[in-house]
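Everything below belongs to model-v3.txt, which stores compact mmCIF, C-alpha atoms.
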```txt
# COMPACT_ATOMS: atom_id res chain seq x y z
CA MET A 27 203.02 149.09 92.15
CA LEU A 28 203.06 147.15 95.42
CA ASN A 29 199.79 147.35 97.36
CA THR A 30 201.67 148.61 100.42
CA GLU A 31 203.07 151.51 98.34
CA LYS A 32 199.79 152.70 96.83
CA ARG A 33 197.95 155.79 98.08
CA ASN A 34 194.97 155.02 100.26
CA PRO A 35 191.87 156.79 98.87
CA ASN A 36 190.32 156.85 102.35
CA THR A 37 193.08 159.10 103.70
CA TYR A 38 193.80 161.53 100.87
CA ASN A 39 192.74 164.42 103.12
CA ILE A 40 194.18 163.18 106.41
CA SER A 41 196.45 166.21 106.78
CA SER A 42 193.40 168.48 107.09
CA MET A 43 191.30 166.21 109.33
CA PRO A 44 190.62 166.90 113.03
CA SER A 45 192.16 164.43 115.45
CA CYS A 46 188.90 162.57 116.06
CA ASP A 47 188.62 161.81 112.34
CA ILE A 48 192.28 160.83 112.02
CA VAL A 49 192.07 158.24 114.78
CA ARG A 50 188.74 156.99 113.42
CA VAL A 51 190.14 156.37 109.94
CA ILE A 52 193.24 154.71 111.38
CA HIS A 53 190.97 152.47 113.45
CA GLU A 54 188.85 151.62 110.42
CA GLU A 55 191.93 150.73 108.38
CA ASN A 56 193.29 148.58 111.20
CA ALA A 57 190.10 146.54 111.05
CA ARG A 58 191.28 145.34 107.62
CA VAL A 59 194.26 143.63 109.26
CA ASN A 60 192.16 140.81 110.70
CA ILE A 61 190.50 140.22 107.33
CA ALA A 62 193.91 139.87 105.68
CA ILE A 63 195.11 137.50 108.39
CA GLU A 64 191.96 135.38 108.19
CA GLN A 65 192.65 134.75 104.51
CA ALA A 66 196.19 133.62 105.41
CA LEU A 67 195.21 131.25 108.24
CA PRO A 68 195.84 128.00 106.29
CA GLU A 69 199.45 129.00 105.57
CA ILE A 70 199.92 130.27 109.13
CA ALA A 71 198.82 126.86 110.41
CA LYS A 72 201.35 125.15 108.13
CA ALA A 73 204.06 127.43 109.50
CA CYS A 74 203.05 126.60 113.08
CA ASP A 75 203.33 122.87 112.37
CA ALA A 76 206.73 123.32 110.69
CA VAL A 77 208.08 125.31 113.62
CA ALA A 78 206.76 122.85 116.21
CA ASP A 79 208.23 119.93 114.26
CA ALA A 80 211.64 121.60 114.08
CA ILE A 81 211.65 122.37 117.82
CA GLN A 82 210.69 118.80 118.70
CA LYS A 83 213.61 117.58 116.60
CA GLY A 84 216.10 119.86 118.36
CA GLY A 85 216.01 122.80 115.98
CA ARG A 86 215.77 126.52 116.64
CA VAL A 87 213.59 129.31 115.25
CA PHE A 88 215.05 132.40 113.62
CA TYR A 89 213.17 135.56 112.65
CA ILE A 90 215.03 137.81 110.22
CA GLY A 91 214.01 141.18 108.82
CA ALA A 92 214.99 144.79 108.24
CA GLY A 93 213.54 147.92 109.82
CA THR A 94 210.11 147.48 111.40
CA SER A 95 209.93 143.83 110.31
CA GLY A 96 213.25 143.07 111.99
CA ARG A 97 212.29 144.87 115.19
CA LEU A 98 209.03 142.94 115.44
CA GLY A 99 210.87 139.66 114.98
CA VAL A 100 213.34 140.53 117.73
CA CYS A 101 210.46 141.44 120.04
CA ASP A 102 208.59 138.17 119.52
CA ALA A 103 211.76 136.14 120.01
CA ALA A 104 212.63 138.05 123.20
CA GLU A 105 209.19 137.44 124.69
CA CYS A 106 209.22 133.65 124.35
CA PRO A 107 211.69 132.76 127.15
CA PRO A 108 209.78 134.54 129.96
CA THR A 109 206.40 133.39 128.66
CA PHE A 110 207.21 129.74 128.04
CA GLY A 111 210.34 129.15 130.13
CA VAL A 112 212.45 128.22 127.10
CA SER A 113 216.11 128.90 126.44
CA PRO A 114 216.91 132.32 124.91
CA GLU A 115 218.59 130.40 122.09
CA LEU A 116 215.38 128.65 121.02
CA PHE A 117 213.92 131.79 119.41
CA THR A 118 216.30 134.32 117.89
CA GLY A 119 215.51 137.60 116.19
CA ILE A 120 217.98 139.05 113.70
CA ILE A 121 217.63 142.61 112.43
CA ALA A 122 219.54 144.01 109.48
CA GLY A 123 222.37 146.19 110.75
CA GLY A 124 222.54 144.51 114.16
CA PRO A 125 221.15 145.38 117.60
CA LYS A 126 221.80 149.12 117.22
CA CYS A 127 219.10 149.20 114.53
CA MET A 128 216.49 148.27 117.13
CA PHE A 129 216.77 151.86 118.36
CA ALA A 130 217.93 153.84 115.33
CA ALA A 131 216.63 153.34 111.80
CA ALA A 132 219.18 152.41 109.13
CA GLU A 133 217.02 151.72 106.09
CA ASN A 134 219.97 151.08 103.76
CA GLN A 135 220.78 147.85 105.61
CA GLU A 136 218.02 145.95 103.81
CA ASP A 137 219.93 146.42 100.53
CA LYS A 138 222.95 144.41 101.70
CA PRO A 139 222.19 140.75 100.90
CA GLU A 140 225.63 139.44 101.84
CA LEU A 141 225.24 140.53 105.47
CA SER A 142 222.27 138.28 106.26
CA VAL A 143 224.27 135.20 105.30
CA LEU A 144 227.05 136.29 107.63
CA ASP A 145 224.52 136.91 110.39
CA LEU A 146 223.08 133.39 110.03
CA LYS A 147 226.50 131.78 109.88
CA ALA A 148 227.46 133.63 113.07
CA LYS A 149 224.54 131.85 114.79
CA ASN A 150 225.59 128.44 113.38
CA PHE A 151 222.31 128.21 111.49
CA SER A 152 221.77 124.63 110.29
CA GLU A 153 219.34 122.35 108.46
CA LYS A 154 217.59 121.55 111.77
CA ASP A 155 216.54 125.17 112.23
CA VAL A 156 213.63 127.17 110.78
CA LEU A 157 214.00 130.59 109.20
CA ILE A 158 211.12 133.06 109.16
CA GLY A 159 211.85 135.93 106.78
CA ILE A 160 209.76 139.07 107.28
CA SER A 161 209.34 141.87 104.75
CA ALA A 162 206.23 143.95 104.09
CA SER A 163 207.23 144.57 100.48
CA GLY A 164 208.62 141.08 100.06
CA SER A 165 211.59 142.61 98.26
CA ALA A 166 214.18 143.27 101.00
CA LEU A 167 217.42 141.85 99.58
CA TYR A 168 218.79 141.20 103.07
CA VAL A 169 215.85 138.88 103.83
CA ILE A 170 215.65 137.22 100.41
CA SER A 171 219.32 136.22 100.54
CA ALA A 172 218.84 134.84 104.06
CA VAL A 173 216.02 132.59 102.83
CA GLN A 174 218.05 131.47 99.83
CA TYR A 175 220.98 130.56 102.09
CA ALA A 176 218.72 128.73 104.55
CA LYS A 177 217.27 126.66 101.72
CA GLU A 178 220.79 125.83 100.52
CA VAL A 179 221.63 124.32 103.91
CA GLY A 180 218.37 122.36 103.91
CA ALA A 181 216.31 124.29 106.46
CA VAL A 182 212.58 125.01 106.26
CA CYS A 183 211.92 128.61 105.22
CA ILE A 184 208.79 130.63 106.00
CA SER A 185 208.00 134.12 104.70
CA ILE A 186 205.72 136.77 106.14
CA VAL A 187 204.86 139.41 103.54
CA ASN A 188 202.12 141.96 102.90
CA ASN A 189 201.98 141.86 99.13
CA PRO A 190 201.06 139.00 96.77
CA ASP A 191 203.54 137.42 94.36
CA THR A 192 206.79 138.67 95.89
CA LYS A 193 210.37 137.50 95.46
CA LEU A 194 210.56 136.61 99.15
CA GLY A 195 207.27 134.74 99.12
CA ASN A 196 208.24 132.80 96.02
CA ALA A 197 211.59 131.82 97.58
CA ALA A 198 210.06 130.41 100.78
CA ASP A 199 208.68 126.92 101.42
CA ILE A 200 205.65 128.39 103.19
CA ASN A 201 204.51 131.87 102.21
CA ILE A 202 202.23 133.79 104.57
CA CYS A 203 200.79 136.77 102.71
CA ALA A 204 198.63 139.15 104.72
CA ASP A 205 197.63 141.64 102.03
CA THR A 206 196.79 144.64 104.21
CA GLY A 207 196.59 147.06 101.26
CA PRO A 208 197.58 150.73 101.11
CA GLU A 209 198.66 152.30 104.37
CA VAL A 210 197.01 155.27 106.07
CA ILE A 211 200.23 157.19 105.41
CA THR A 212 201.47 156.05 102.01
CA GLY A 213 204.23 153.46 102.32
CA SER A 214 204.37 153.55 106.14
CA THR A 215 204.39 149.79 106.68
CA ARG A 216 204.98 150.23 110.41
CA MET A 217 201.19 150.60 110.49
CA LYS A 218 198.81 147.93 109.11
CA ALA A 219 201.53 145.72 107.66
CA GLY A 220 203.52 145.79 110.90
CA THR A 221 200.43 145.07 112.97
CA ALA A 222 199.65 142.04 110.82
CA GLN A 223 203.22 140.79 111.09
CA LYS A 224 203.16 141.03 114.89
CA ILE A 225 199.88 139.13 115.12
CA ILE A 226 201.14 136.40 112.80
CA MET A 227 204.37 135.96 114.76
CA ASN A 228 202.35 135.74 117.98
CA MET A 229 200.27 133.01 116.36
CA ILE A 230 203.31 131.03 115.20
CA SER A 231 205.30 131.14 118.43
CA THR A 232 202.27 130.56 120.66
CA THR A 233 200.86 127.67 118.62
CA ALA A 234 204.26 126.02 118.34
CA MET A 235 204.76 126.24 122.10
CA VAL A 236 201.28 124.81 122.72
CA LYS A 237 202.00 121.88 120.40
CA CYS A 238 205.37 121.28 122.09
CA GLY A 239 203.79 120.98 125.54
CA TYR A 240 204.72 124.33 127.05
CA VAL A 241 201.11 125.18 127.90
CA TYR A 242 198.79 123.30 130.29
CA GLU A 243 195.16 123.86 129.26
CA ASN A 244 195.52 127.60 128.60
CA LEU A 245 198.02 128.25 131.40
CA MET A 246 201.74 129.09 131.18
CA ILE A 247 203.03 126.05 133.01
CA ASN A 248 206.71 126.91 132.42
CA LEU A 249 206.44 130.55 133.48
CA LYS A 250 209.48 131.82 135.41
CA PRO A 251 208.67 133.99 138.46
CA THR A 252 211.34 136.62 137.80
CA ASN A 253 209.49 139.54 139.39
CA ILE A 254 206.71 140.23 141.90
CA LYS A 255 203.94 140.23 139.30
CA LEU A 256 205.04 136.92 137.79
CA ARG A 257 205.52 135.38 141.24
CA ARG A 258 201.89 136.14 142.02
CA ARG A 259 200.83 134.78 138.63
CA VAL A 260 202.71 131.52 139.25
CA ILE A 261 200.91 131.11 142.57
CA ARG A 262 197.53 131.76 140.92
CA ILE A 263 198.26 129.21 138.22
CA VAL A 264 198.98 126.52 140.81
CA GLU A 265 195.83 127.51 142.70
CA GLU A 266 193.83 127.16 139.48
CA ILE A 267 195.27 123.78 138.49
CA LEU A 268 195.19 122.14 141.93
CA HIS A 269 192.12 123.95 143.29
CA CYS A 270 194.05 124.81 146.43
CA SER A 271 194.53 127.90 148.57
CA GLU A 272 197.10 130.60 147.95
CA GLN A 273 199.06 129.45 151.00
CA GLN A 274 199.10 125.84 149.83
CA ALA A 275 200.16 126.87 146.33
CA GLN A 276 203.04 128.95 147.62
CA ALA A 277 204.20 126.19 149.96
CA LEU A 278 204.21 123.65 147.12
CA LEU A 279 206.11 126.01 144.85
CA GLU A 280 208.73 126.62 147.53
CA GLN A 281 209.15 122.86 147.88
CA HIS A 282 209.67 122.43 144.13
CA GLY A 283 211.93 125.36 143.29
CA TRP A 284 209.05 127.55 142.05
CA SER A 285 208.44 125.21 139.11
CA ILE A 286 204.76 124.92 138.23
CA ARG A 287 205.39 121.81 136.15
CA ALA A 288 207.24 120.12 139.03
CA VAL A 289 204.38 120.91 141.41
CA VAL A 290 201.76 119.52 139.01
CA ASP A 291 203.84 116.41 138.22
CA ALA A 292 204.25 115.73 141.93
CA GLN A 293 200.49 115.77 142.45
CA GLU A 294 199.67 113.36 139.63
```
Take the structure in this file and express it as structure tokens.
Amino acid sequence: MLNTEKRNPNTYNISSMPSCDIVRVIHEENARVNIAIEQALPEIAKACDAVADAIQKGGRVFYIGAGTSGRLGVCDAAECPPTFGVSPELFTGIIAGGPKCMFAAAENQEDKPELSVLDLKAKNFSEKDVLIGISASGSALYVISAVQYAKEVGAVCISIVNNPDTKLGNAADINICADTGPEVITGSTRMKAGTAQKIIMNMISTTAMVKCGYVYENLMINLKPTNIKLRRRVIRIVEEILHCSEQQAQALLEQHGWSIRAVVDAQE
């Protein structure tokens, strides 16, 4: 039996626990996520390097998954453009069943392997791109077939799974296995497994962007000021880099189309 499908002995009696004990045991189980990720750090680093290399050579990054895994991939992809100022096409999240499945579960979609190939072809997926297949069980047919197709076209394939020795992991070039063990609620991989997946995707996208020059020191130098909060953040970043006043930072940004990078380049 898959580790993510086993019953957790620490939560056998969760249905009769008071709320304070339920949240405590959930918290204690969540602490195991970081242990699982720590053990996978070498493979995560390899994935970061592969993604950065593909981007620098003109490739794109695709997350693909079903259910919770697919939703998390879409979320990470959607957050990269505002954070790093990149094109929305650079990171793409694909969920089995299409965008409607972001809001309504359709669990049967993961059993349709032919659809993932069509979804990748619709995005003109090529050998320059990177595919990151996500599946807690490592057995989602939709994701496995996507990785197999991506390998056929010559692309680098990365898997994120939460069980050892899976079909998906064995099919990928780089397999990231965060073995988070039995869930608090048996089989509910939206919990520890999903948390681990989200953290790993954050690591991959952030590290790749750092290596590709989209971060200055630890500042978001390509941040787009698309609302009041971000406008203020852009000003603070310029203040921090140039050691100038708020008024000077805003004036420089206005002169350079609110581009932090343009302001910094002009001062060097």
> Between A:Arg33, A:Arg258, A:Lys149, A:Lys237, which one has atoms that come closest to A:Val87, using all atoms listed in the file?
Replying inline: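 Among the listed residues, the smallest separation from A:Val87 belongs to A:Lys149.
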>> Show me, as a list in words, the residues that have an atom within 10 Å of A:Thr221 when counting only C-alpha atoms, minus same-chain residues fewer than 2 positions from it.
In response: Asn56, Val59, Asn60, Ser95, Leu98, Thr206, Thr215, Arg216, Met217, Lys218, Ala219, Gln223, Lys224, Ile225 and Ile226 of chain A
>> Which residues are close to A:Gly119, i.e. within 9 Å by all atoms listed in the file, leaving aside same-chain residues fewer than 6 positions away? Reply as a list of chain:residue names.
In response: A:Val87, A:Phe88, A:Tyr89, A:Ile90, A:Gly91, A:Gly96, A:Arg97, A:Leu98, A:Gly99, A:Val100, A:Cys101, A:Asp102, A:Ala103, A:Ala104
> Do you have the atom CA of A:Cys106-atom CA of A:Arg86 distance handy?
Replying inline: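 Interatomic distance here is 12.4 Å.
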> Skipping near chain neighbours, those fewer than 5 positions away, what residues fall within 12 Å of stretch 46-53 of chain A using only C-alpha atoms, listed as a ChimeraX atom specification?
Replying inline: /A:34-41,58-59,208-211,217-218
>> My list of candidates is A:Ser152, A:Ser42, A:Ser231, A:Ser142. Which is closest to A:Phe117 when distances are computed with all atoms listed in the file?
In response: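 Once distances to A:Phe117 are computed over all atoms listed in the file, the minimum belongs to A:Ser231.
Nearest to A:Thr30 of all the residues A:Ile63, A:Ala132, A:Leu167, A:Ala204 is A:Ala204, counting all atoms listed in the file.
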> Which is closest to A:Thr252 among A:Ser285, A:Val182, A:Thr212, A:Leu28, if we use all atoms listed in the file?
Replying inline: A:Ser285
>> With distances taken over only C-alpha atoms, which residue among A:Ala288, A:Ala57, A:Glu31, A:Met229 lies nearest A:Asp75?
In response: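 Ranked by minimum distance to A:Asp75, first place goes to A:Met229.
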Residues around (212.7, 128.8, 118.5), cut-off 12 Å, counting all atoms listed in the file - what are they as an mmCIF file with C-alpha atoms, in the coordinates of the input?
```cif
data_model
loop_
_atom_site.group_PDB
_atom_site.id
_atom_site.type_symbol
_atom_site.label_atom_id
_atom_site.label_comp_id
_atom_site.auth_asym_id
_atom_site.auth_seq_id
_atom_site.Cartn_x
_atom_site.Cartn_y
_atom_site.Cartn_z
ATOM 1 C CA CYS A 74 203.050 126.600 113.080
ATOM 2 C CA ALA A 76 206.730 123.320 110.690
ATOM 3 C CA VAL A 77 208.080 125.310 113.620
ATOM 4 C CA ALA A 78 206.760 122.850 116.210
ATOM 5 C CA ASP A 79 208.230 119.930 114.260
ATOM 6 C CA ALA A 80 211.640 121.600 114.080
ATOM 7 C CA ILE A 81 211.650 122.370 117.820
ATOM 8 C CA GLN A 82 210.690 118.800 118.700
ATOM 9 C CA LYS A 83 213.610 117.580 116.600
ATOM 10 C CA GLY A 84 216.100 119.860 118.360
ATOM 11 C CA GLY A 85 216.010 122.800 115.980
ATOM 12 C CA ARG A 86 215.770 126.520 116.640
ATOM 13 C CA VAL A 87 213.590 129.310 115.250
ATOM 14 C CA PHE A 88 215.050 132.400 113.620
ATOM 15 C CA TYR A 89 213.170 135.560 112.650
ATOM 16 C CA GLY A 99 210.870 139.660 114.980
ATOM 17 C CA VAL A 100 213.340 140.530 117.730
ATOM 18 C CA ASP A 102 208.590 138.170 119.520
ATOM 19 C CA ALA A 103 211.760 136.140 120.010
ATOM 20 C CA ALA A 104 212.630 138.050 123.200
ATOM 21 C CA GLU A 105 209.190 137.440 124.690
ATOM 22 C CA CYS A 106 209.220 133.650 124.350
ATOM 23 C CA PRO A 107 211.690 132.760 127.150
ATOM 24 C CA PHE A 110 207.210 129.740 128.040
ATOM 25 C CA GLY A 111 210.340 129.150 130.130
ATOM 26 C CA VAL A 112 212.450 128.220 127.100
ATOM 27 C CA SER A 113 216.110 128.900 126.440
ATOM 28 C CA PRO A 114 216.910 132.320 124.910
ATOM 29 C CA GLU A 115 218.590 130.400 122.090
ATOM 30 C CA LEU A 116 215.380 128.650 121.020
ATOM 31 C CA PHE A 117 213.920 131.790 119.410
ATOM 32 C CA THR A 118 216.300 134.320 117.890
ATOM 33 C CA GLY A 119 215.510 137.600 116.190
ATOM 34 C CA PHE A 151 222.310 128.210 111.490
ATOM 35 C CA LYS A 154 217.590 121.550 111.770
ATOM 36 C CA ASP A 155 216.540 125.170 112.230
ATOM 37 C CA VAL A 156 213.630 127.170 110.780
ATOM 38 C CA LEU A 157 214.000 130.590 109.200
ATOM 39 C CA ILE A 158 211.120 133.060 109.160
ATOM 40 C CA MET A 227 204.370 135.960 114.760
ATOM 41 C CA ILE A 230 203.310 131.030 115.200
ATOM 42 C CA SER A 231 205.300 131.140 118.430
ATOM 43 C CA THR A 232 202.270 130.560 120.660
ATOM 44 C CA THR A 233 200.860 127.670 118.620
ATOM 45 C CA ALA A 234 204.260 126.020 118.340
ATOM 46 C CA MET A 235 204.760 126.240 122.100
ATOM 47 C CA CYS A 238 205.370 121.280 122.090
#
```
>> At a cut-off of 7 Å, using all atoms listed in the file, what residues contact stretch 170-177 of chain A? Leave out same-chain residues fewer than 5 positions from it and give the result as a VMD selection string.
In response: chain A and resid 139 142 to 143 157 159 182 to 183 194 197 to 198
Grab the residues selected above and save them as an mmCIF file, in the coordinates of the input with C-alpha atoms.
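Once written, part_17.cif looks like this:
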```cif
data_model
loop_
_atom_site.group_PDB
_atom_site.id
_atom_site.type_symbol
_atom_site.label_atom_id
_atom_site.label_comp_id
_atom_site.auth_asym_id
_atom_site.auth_seq_id
_atom_site.Cartn_x
_atom_site.Cartn_y
_atom_site.Cartn_z
ATOM 1 C CA PRO A 139 222.190 140.750 100.900
ATOM 2 C CA SER A 142 222.270 138.280 106.260
ATOM 3 C CA VAL A 143 224.270 135.200 105.300
ATOM 4 C CA LEU A 157 214.000 130.590 109.200
ATOM 5 C CA GLY A 159 211.850 135.930 106.780
ATOM 6 C CA VAL A 182 212.580 125.010 106.260
ATOM 7 C CA CYS A 183 211.920 128.610 105.220
ATOM 8 C CA LEU A 194 210.560 136.610 99.150
ATOM 9 C CA ALA A 197 211.590 131.820 97.580
ATOM 10 C CA ALA A 198 210.060 130.410 100.780
#
```
Because the input lacks atoms here, generate all heavy atoms for stretch 95-106 of chain A and report them as a CSV table (one decimal), in the frame of the given file.
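Final output, rebuild.csv:
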```csv
chain,number,residue,atom,x,y,z
A,95,SER,N,210.1,145.3,110.3
A,95,SER,CA,209.9,143.8,110.3
A,95,SER,C,211.0,143.2,111.2
A,95,SER,O,210.7,142.2,111.9
A,95,SER,CB,210.1,143.3,108.9
A,95,SER,OG,209.0,143.8,108.1
A,96,GLY,N,212.2,143.6,111.1
A,96,GLY,CA,213.2,143.1,112.0
A,96,GLY,C,213.0,143.3,113.5
A,96,GLY,O,213.2,142.4,114.3
A,97,ARG,N,212.6,144.5,113.8
A,97,ARG,CA,212.3,144.9,115.2
A,97,ARG,C,211.2,144.0,115.8
A,97,ARG,O,211.3,143.5,116.9
A,97,ARG,CB,211.9,146.3,115.3
A,97,ARG,CG,213.0,147.3,115.0
A,97,ARG,CD,212.7,148.8,115.2
A,97,ARG,NE,213.7,149.6,114.6
A,97,ARG,CZ,213.6,150.1,113.4
A,97,ARG,NH1,212.5,149.9,112.7
A,97,ARG,NH2,214.6,150.8,112.9
A,98,LEU,N,210.1,143.8,115.0
A,98,LEU,CA,209.0,142.9,115.4
A,98,LEU,C,209.5,141.5,115.7
A,98,LEU,O,209.0,140.8,116.6
A,98,LEU,CB,207.9,143.0,114.4
A,98,LEU,CG,207.2,144.4,114.3
A,98,LEU,CD1,206.2,144.4,113.2
A,98,LEU,CD2,206.4,144.7,115.6
A,99,GLY,N,210.3,141.0,114.8
A,99,GLY,CA,210.9,139.7,115.0
A,99,GLY,C,211.7,139.5,116.2
A,99,GLY,O,211.6,138.6,117.0
A,100,VAL,N,212.5,140.5,116.5
A,100,VAL,CA,213.3,140.5,117.7
A,100,VAL,C,212.4,140.5,118.9
A,100,VAL,O,212.7,139.8,119.9
A,100,VAL,CB,214.3,141.7,117.7
A,100,VAL,CG1,215.0,141.9,119.1
A,100,VAL,CG2,215.4,141.6,116.6
A,101,CYS,N,211.4,141.4,118.9
A,101,CYS,CA,210.5,141.4,120.0
A,101,CYS,C,209.8,140.1,120.3
A,101,CYS,O,209.7,139.7,121.5
A,101,CYS,CB,209.4,142.5,119.8
A,101,CYS,SG,210.0,144.2,119.9
A,102,ASP,N,209.3,139.4,119.3
A,102,ASP,CA,208.6,138.2,119.5
A,102,ASP,C,209.6,137.1,120.1
A,102,ASP,O,209.2,136.4,121.0
A,102,ASP,CB,207.9,137.7,118.2
A,102,ASP,CG,206.9,136.6,118.5
A,102,ASP,OD1,205.8,137.0,119.1
A,102,ASP,OD2,207.1,135.4,118.3
A,103,ALA,N,210.8,137.1,119.5
A,103,ALA,CA,211.8,136.1,120.0
A,103,ALA,C,212.1,136.4,121.5
A,103,ALA,O,212.2,135.5,122.3
A,103,ALA,CB,213.0,136.2,119.1
A,104,ALA,N,212.2,137.7,121.8
A,104,ALA,CA,212.6,138.0,123.2
A,104,ALA,C,211.6,137.7,124.2
A,104,ALA,O,211.8,137.5,125.4
A,104,ALA,CB,213.0,139.5,123.3
A,105,GLU,N,210.3,137.7,123.8
A,105,GLU,CA,209.2,137.4,124.7
A,105,GLU,C,208.9,136.0,125.0
A,105,GLU,O,208.2,135.6,125.9
A,105,GLU,CB,207.9,138.1,124.2
A,105,GLU,CG,208.0,139.7,124.2
A,105,GLU,CD,207.0,140.4,123.4
A,105,GLU,OE1,206.2,139.7,122.7
A,105,GLU,OE2,207.0,141.6,123.4
A,106,CYS,N,209.5,135.1,124.2
A,106,CYS,CA,209.2,133.6,124.4
A,106,CYS,C,209.9,133.0,125.6
A,106,CYS,O,209.2,132.3,126.3
A,106,CYS,CB,209.7,132.9,123.1
A,106,CYS,SG,208.5,133.1,121.7
```
